[in-house]
file my_file-v1.tsv (TSV, C-alpha atoms and all ligand atoms)
chain	number	residue	atom	x	y	z
A	25	MET	CA	0.00	0.00	0.00
A	26	MET	CA	1.27	3.43	-0.94
A	27	ILE	CA	1.59	6.00	1.80
A	28	SER	CA	0.27	9.35	0.70
A	29	GLU	CA	2.96	12.00	0.46
A	30	THR	CA	0.53	14.86	0.23
A	31	ILE	CA	-0.01	17.55	2.83
A	32	LYS	CA	-3.15	19.55	3.36
A	33	LEU	CA	-2.55	23.27	3.76
A	34	SER	CA	-4.76	26.13	4.81
A	35	VAL	CA	-3.60	29.40	3.28
A	36	SER	CA	-4.73	32.93	4.07
A	37	LEU	CA	-3.45	35.97	2.28
A	38	LYS	CA	-5.10	39.37	2.50
A	39	ASN	CA	-8.78	38.58	1.79
A	40	THR	CA	-8.09	35.22	0.19
A	41	ARG	CA	-8.49	31.89	1.92
A	42	ALA	CA	-7.65	28.61	0.28
A	43	LEU	CA	-7.32	24.92	0.97
A	44	ILE	CA	-4.60	23.23	-1.03
A	45	ILE	CA	-3.38	19.64	-1.23
A	46	PHE	CA	0.34	19.66	-2.00
A	47	ASN	CA	2.78	16.89	-2.83
A	48	PRO	CA	6.35	18.03	-1.99
A	49	LYS	CA	7.82	15.07	-3.86
A	50	ASP	CA	6.66	16.02	-7.33
A	51	ARG	CA	5.50	19.55	-6.40
A	52	SER	CA	2.03	18.85	-7.70
A	53	TYR	CA	-0.92	20.55	-6.10
A	54	ARG	CA	-4.68	20.51	-6.13
A	55	VAL	CA	-6.84	23.43	-5.16
A	56	VAL	CA	-9.66	22.08	-3.00
A	57	ASP	CA	-11.12	25.51	-2.45
A	58	CYS	CA	-10.02	29.10	-2.89
A	59	SER	CA	-12.03	32.25	-2.27
A	60	LYS	CA	-10.27	33.83	-5.25
A	61	LYS	CA	-10.93	30.95	-7.63
A	62	SER	CA	-12.82	33.06	-10.14
A	63	PHE	CA	-9.74	35.28	-10.41
A	64	CYS	CA	-7.58	32.23	-11.15
A	65	ARG	CA	-10.20	30.91	-13.62
A	66	ILE	CA	-10.39	27.59	-11.79
A	67	TYR	CA	-13.60	26.85	-13.66
A	68	ILE	CA	-11.49	26.47	-16.83
A	69	SER	CA	-8.20	24.95	-15.68
A	70	LYS	CA	-9.55	23.16	-12.54
A	71	ASN	CA	-6.46	24.39	-10.71
A	72	CYS	CA	-4.60	27.59	-9.91
A	73	PRO	CA	-1.69	28.53	-12.18
A	74	PRO	CA	1.84	28.16	-10.72
A	75	TYR	CA	2.22	31.94	-10.44
A	76	CYS	CA	-0.90	32.27	-8.25
A	77	GLU	CA	0.28	33.93	-5.03
A	78	ILE	CA	-1.49	31.21	-3.01
A	79	ILE	CA	0.45	28.49	-4.84
A	80	VAL	CA	3.71	30.44	-4.53
A	81	ALA	CA	3.13	30.70	-0.76
A	82	VAL	CA	2.34	26.97	-0.51
A	83	LYS	CA	5.59	26.11	-2.30
A	84	ASP	CA	7.59	28.58	-0.19
A	85	PHE	CA	6.18	26.92	2.92
A	86	ALA	CA	6.32	23.26	1.90
A	87	LEU	CA	9.68	23.40	0.12
A	88	LYS	CA	11.18	25.81	2.68
A	89	ARG	CA	12.37	28.12	-0.08
A	90	ARG	CA	11.69	31.32	1.86
A	91	ILE	CA	9.23	32.74	4.36
A	92	PRO	CA	5.79	32.64	2.71
A	93	LYS	CA	3.96	35.93	2.21
A	94	ALA	CA	0.73	34.21	3.23
A	95	GLU	CA	-0.17	32.53	6.49
A	96	VAL	CA	0.19	28.82	5.79
A	97	VAL	CA	-0.94	26.18	8.28
A	98	GLU	CA	-0.52	22.45	7.81
A	99	LEU	CA	-3.76	20.66	8.70
B	101	ZN	ZN	-5.15	30.97	-7.38
call {"tool": "encode", "arguments": {"input": "my_file-v1.tsv", "output": "structure tokens"}}
result
Amino acid sequence: MMISETIKLSVSLKNTRALIIFNPKDRSYRVVDCSKKSFCRIYISKNCPPYCEIIVAVKDFALKRRIPKAEVVEL
């Protein structure tokens, strides 16, 4: 049985709140919910683009690249 490598992250930035599932191993992510999803056109791509500030903050947090601009909490 495979052990899931994903982490569930709650992200808040300014007026945006999001719930993201992130896999540090392959850096893939899935946006479960985001209050700014219409801005990111989630209804078309089903996910946020890599340059979305929520995704950037998730990667900063999970990959320990730098201090994230958003508040990121591992659930
Ligand atoms: Zn986004």
call {"tool": "residues_near_point", "arguments": {"input": "my_file-v1.tsv", "point": "(-6.9, 36.7, -10.0)", "cutoff": "10 Å", "atoms": "all atoms listed in the file", "output": "NGL selection string"}}
result
:A and (60-66 or 72-73 or 76-77)
call {"tool": "closest_residue", "arguments": {"input": "my_file-v1.tsv", "among": "A:Ile44, A:Thr30, A:Asn39, A:Val80", "to": "Val97 (chain A)", "atoms": "only C-alpha atoms"}}
result
A:Ile44
call {"tool": "closest_residue", "arguments": {"input": "my_file-v1.tsv", "among": "A:Lys93, A:Lys88, A:Lys32, A:Lys70", "to": "Ile45 (chain A)", "atoms": "only C-alpha atoms"}}
result
A:Lys32
call {"tool": "atom_distance", "arguments": {"input": "my_file-v1.tsv", "atom1": "CA of Ile31 (chain A)", "atom2": "CA of Leu99 (chain A)"}}
result
7.6 Å
call {"tool": "closest_residue", "arguments": {"input": "my_file-v1.tsv", "among": "A:Leu37, A:Leu43, A:Val56, A:Ala94", "to": "Ala81 (chain A)", "atoms": "all atoms listed in the file"}}
result
A:Ala94
call {"tool": "atom_distance", "arguments": {"input": "my_file-v1.tsv", "atom1": "CA of Leu87 (chain A)", "atom2": "CA of Lys49 (chain A)"}}
result
9.4 Å
call {"tool": "atom_distance", "arguments": {"input": "my_file-v1.tsv", "atom1": "CA of Glu29 (chain A)", "atom2": "CA of Asn47 (chain A)"}}
result
5.9 Å
call {"tool": "residues_around", "arguments": {"input": "my_file-v1.tsv", "residues": "Val96 (chain A)", "least_positions_apart": "2", "cutoff": "8 Å", "atoms": "only C-alpha atoms", "output": "CSV table (one decimal) with C-alpha atoms, in the coordinates of the input"}}
result
chain,number,residue,atom,x,y,z
A,33,LEU,CA,-2.6,23.3,3.8
A,34,SER,CA,-4.8,26.1,4.8
A,35,VAL,CA,-3.6,29.4,3.3
A,36,SER,CA,-4.7,32.9,4.1
A,81,ALA,CA,3.1,30.7,-0.8
A,82,VAL,CA,2.3,27.0,-0.5
A,85,PHE,CA,6.2,26.9,2.9
A,92,PRO,CA,5.8,32.6,2.7
A,94,ALA,CA,0.7,34.2,3.2
A,98,GLU,CA,-0.5,22.4,7.8
call {"tool": "closest_residue", "arguments": {"input": "my_file-v1.tsv", "among": "A:Ser52, A:Ser28, A:Phe46, A:Ser59", "to": "ligand ZN 101 (chain B)", "atoms": "all atoms listed in the file"}}
result
A:Ser59
call {"tool": "axis_aligned_box", "arguments": {"input": "my_file-v1.tsv", "around": "region 36-47 of chain A", "padding_each_side": "8 Å", "output": "JSON"}}
result
{"center_x": -3.0, "center_y": 28.1, "center_z": 0.6, "size_x": 27.6, "size_y": 38.5, "size_z": 22.9}
call {"tool": "closest_residue", "arguments": {"input": "my_file-v1.tsv", "among": "A:Arg54, A:Pro48, A:Glu95, A:Asn71", "to": "Lys83 (chain A)", "atoms": "all atoms listed in the file"}}
result
A:Pro48
call {"tool": "closest_residue", "arguments": {"input": "my_file-v1.tsv", "among": "A:Asp50, A:Thr40, A:Arg89, A:Asp84", "to": "ligand ZN 101 (chain B)", "atoms": "all atoms listed in the file"}}
result
A:Thr40
